[in-house]
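Heads up, the thing below is written out as structure tokens.
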Amino acid sequence: MYLIEIYKSVQGESSFAGRPCIFVRLAGCNLRCSWCDSEYTFKGGYNLTEDEVVDEIEKLAPAKLVEFTGGEPLLQDRELIPLMERLLAAGYELMIETSGERPLDRVPPSVHKIVDVKCPGSGEGGSFRMSNLEYLTKSDEVKFVIANRDDYEFARAFIREHALEASVGSVLLSPAFTKAPSTARSTENCMLDPRELVEWMLADGLDARLSLQIHKYIWEPQKKGV
Ligand code: SF4
């Protein structure tokens, strides 16, 4: 399995935000989102066996929440799925952050799936695999990264068309973050002011959750491995 990093921090996004979490960041991505903050995952990485990954995770105990992220972790599903099954059997709580472009059918149902449906402003709109909708449950979350009003309207239409407010645990709306942030730990680095996004959500009565990437406010936004 090709990895970029394994580290412990607090979960920065989703309804798990603020909880201690071990992050396993896999190498490689098949998309190229315009605002991507993880381009360093596109190439390279180091190869570890399943046993070596488990050893690294165990060294970071006692955290019991583990997130697989990337890049796109499901590009390595042949190695990842057995690893997930092993960690679940050992009592870990697992999350996966994925674009939803890869099939979700083999992800064990008890893994919390955080699925990032790409909006038009990402440059990867339309990449979501619609057949994945049937594998989303109340323990999963769907995220939309919003760069502008067009993205918001796309997200609102998608949420309503697929009744996501009722079918998944949380619908997350996250203001896009600029690719070249200042060192300020503030919303000035957001491409869309969170206040504006909240006003739109309230005006529409959208039962979604504003999701700020809290690690970018706890540490300087460029800092990796946090
Ligand atoms: S899917 Fe994620 S890692 Fe891949 S380009 Fe988009 S934001 Fe970056």
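A note on labels: chains of the structure tokens are A, B, ... as shown, every chain counts residues from 1, and ligands are counted from 1 in their shown order.
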For ligand 1, collect every residue having any atom at a distance of at most 9 Å from a ligand atom (counting only C-alpha atoms and all ligand atoms); output as a short mmCIF file (atom, residue, chain, number, x, y, z; two decimals) with N, CA and C atoms, in the first residue's frame.
data_model
loop_
_atom_site.label_atom_id
_atom_site.label_comp_id
_atom_site.auth_asym_id
_atom_site.auth_seq_id
_atom_site.Cartn_x
_atom_site.Cartn_y
_atom_site.Cartn_z
N GLY A 28 -1.78 9.09 -4.27
CA GLY A 28 -2.43 8.99 -5.56
C GLY A 28 -3.84 9.55 -5.57
N CYS A 29 -4.19 10.23 -6.65
CA CYS A 29 -5.57 10.68 -6.86
C CYS A 29 -5.83 10.73 -8.35
N ASN A 30 -7.04 10.35 -8.74
CA ASN A 30 -7.42 10.37 -10.15
C ASN A 30 -8.18 11.64 -10.53
N LEU A 31 -8.41 12.54 -9.55
CA LEU A 31 -9.05 13.82 -9.87
C LEU A 31 -8.03 14.95 -9.72
N ARG A 32 -8.41 16.13 -10.15
CA ARG A 32 -7.54 17.31 -10.04
C ARG A 32 -8.40 18.52 -9.69
N CYS A 33 -8.90 18.55 -8.47
CA CYS A 33 -9.77 19.65 -8.05
C CYS A 33 -8.99 20.97 -8.05
N SER A 34 -9.65 22.02 -8.51
CA SER A 34 -8.95 23.29 -8.70
C SER A 34 -8.40 23.84 -7.39
N TRP A 35 -9.11 23.59 -6.26
CA TRP A 35 -8.69 24.15 -4.97
C TRP A 35 -8.00 23.10 -4.09
N CYS A 36 -7.56 22.00 -4.68
CA CYS A 36 -6.99 20.88 -3.90
C CYS A 36 -5.85 21.36 -2.99
N ASP A 37 -5.92 20.95 -1.72
CA ASP A 37 -4.84 21.28 -0.78
C ASP A 37 -3.95 20.07 -0.51
N SER A 38 -4.08 19.04 -1.32
CA SER A 38 -3.34 17.80 -1.08
C SER A 38 -2.58 17.34 -2.32
N GLU A 39 -2.11 18.31 -3.10
CA GLU A 39 -1.42 17.93 -4.35
C GLU A 39 -0.15 17.14 -4.08
N TYR A 40 0.39 17.28 -2.88
CA TYR A 40 1.61 16.52 -2.52
C TYR A 40 1.34 15.02 -2.45
N THR A 41 0.07 14.62 -2.54
CA THR A 41 -0.24 13.18 -2.52
C THR A 41 -0.24 12.58 -3.92
N PHE A 42 -0.18 13.43 -4.96
CA PHE A 42 -0.40 12.93 -6.32
C PHE A 42 0.71 11.98 -6.78
N THR A 69 -7.54 8.61 4.21
CA THR A 69 -7.76 9.76 3.36
C THR A 69 -6.70 9.76 2.27
N GLY A 70 -6.62 10.83 1.50
CA GLY A 70 -5.64 10.86 0.43
C GLY A 70 -5.35 12.29 0.03
N GLY A 71 -5.20 12.44 -1.29
CA GLY A 71 -5.48 11.53 -2.39
C GLY A 71 -6.87 10.87 -2.34
N GLU A 72 -6.95 9.83 -3.13
CA GLU A 72 -8.18 9.04 -3.17
C GLU A 72 -7.85 7.64 -2.66
N GLU A 97 -12.47 9.15 3.81
CA GLU A 97 -12.79 10.37 3.06
C GLU A 97 -12.54 10.07 1.59
N THR A 98 -13.58 10.16 0.78
CA THR A 98 -13.47 9.78 -0.63
C THR A 98 -14.27 10.75 -1.49
N SER A 99 -13.88 10.85 -2.75
CA SER A 99 -14.62 11.73 -3.67
C SER A 99 -15.92 11.09 -4.13
N GLY A 100 -16.07 9.77 -3.93
CA GLY A 100 -17.27 9.09 -4.42
C GLY A 100 -17.20 8.76 -5.90
N GLU A 101 -16.03 8.96 -6.48
CA GLU A 101 -15.86 8.58 -7.90
C GLU A 101 -15.61 7.08 -8.01
N ASP A 116 -17.27 13.26 -0.73
CA ASP A 116 -17.15 14.64 -1.20
C ASP A 116 -17.68 14.73 -2.63
N LYS A 118 -18.31 16.44 -5.82
CA LYS A 118 -17.64 17.62 -6.38
C LYS A 118 -18.62 18.58 -7.05
N SER A 122 -15.04 23.09 -8.59
CA SER A 122 -13.85 22.25 -8.38
C SER A 122 -13.17 21.89 -9.69
N GLU A 124 -14.18 19.40 -11.26
CA GLU A 124 -14.43 17.95 -11.33
C GLU A 124 -15.90 17.62 -11.14
#
Mind listing the helix (DSSP H, G or I) residues of stretch 162-197 of chain A, per DSSP on the backbone, as a VMD selection string?
chain A and resid 164 to 167 187 to 189 194 to 197
Please save C-alpha atoms of the selected residues as a PDB file, in the first residue's frame.
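Written output follows (again_21.pdb):
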ATOM      1  CA  LEU A 164     -29.953  13.515   1.367  1.00  0.00           C
ATOM      2  CA  GLU A 165     -31.188  15.354   4.487  1.00  0.00           C
ATOM      3  CA  ALA A 166     -33.191  12.231   5.367  1.00  0.00           C
ATOM      4  CA  SER A 167     -30.955   9.480   4.016  1.00  0.00           C
ATOM      5  CA  THR A 187     -11.716  32.963   7.480  1.00  0.00           C
ATOM      6  CA  GLU A 188      -9.886  35.456   5.239  1.00  0.00           C
ATOM      7  CA  ASN A 189      -8.422  32.350   3.548  1.00  0.00           C
ATOM      8  CA  PRO A 194     -18.723  31.250   5.820  1.00  0.00           C
ATOM      9  CA  ARG A 195     -21.144  33.947   6.969  1.00  0.00           C
ATOM     10  CA  GLU A 196     -22.539  34.238   3.441  1.00  0.00           C
ATOM     11  CA  LEU A 197     -22.879  30.468   3.185  1.00  0.00           C
TER      12      LEU A 197
END
Determine the nearest neighbour of A:Lys223 from the options A:Ala184, A:Met1, A:Val115, A:Leu88, counting only C-alpha atoms.
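The closest residue to A:Lys223 is A:Ala184.
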Among the residues A:Tyr92, A:Tyr7, A:Phe16, A:Phe158, the one that comes closest to A:Ile114 [using only C-alpha atoms]
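With only C-alpha atoms as the atom set, the closest residue is A:Phe16.
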Enter the distance from atom CA of A:Tyr152 to atom CA of A:Glu134, in Å, rounded to one decimal.
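Atom CA of A:Glu134 lies at a distance of 23.3 Å from atom CA of A:Tyr152.
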Have a look at A:His162, A:Lys8, A:Arg19, A:Arg86 and name the one nearest to A:Lys59; count only C-alpha atoms.
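Comparing A:His162, A:Lys8, A:Arg19, A:Arg86 against A:Lys59, the winner is A:Lys8.
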Close residues, A:Ile214 itself excluded, 7 Å, only C-alpha atoms, min 2 positions apart in chain, as a ChimeraX atom specification
/A:12-13,212,216-218
Atom CA of A:Asn148 to atom CA of A:Arg25, straight-line distance in Å:
28.1 Å
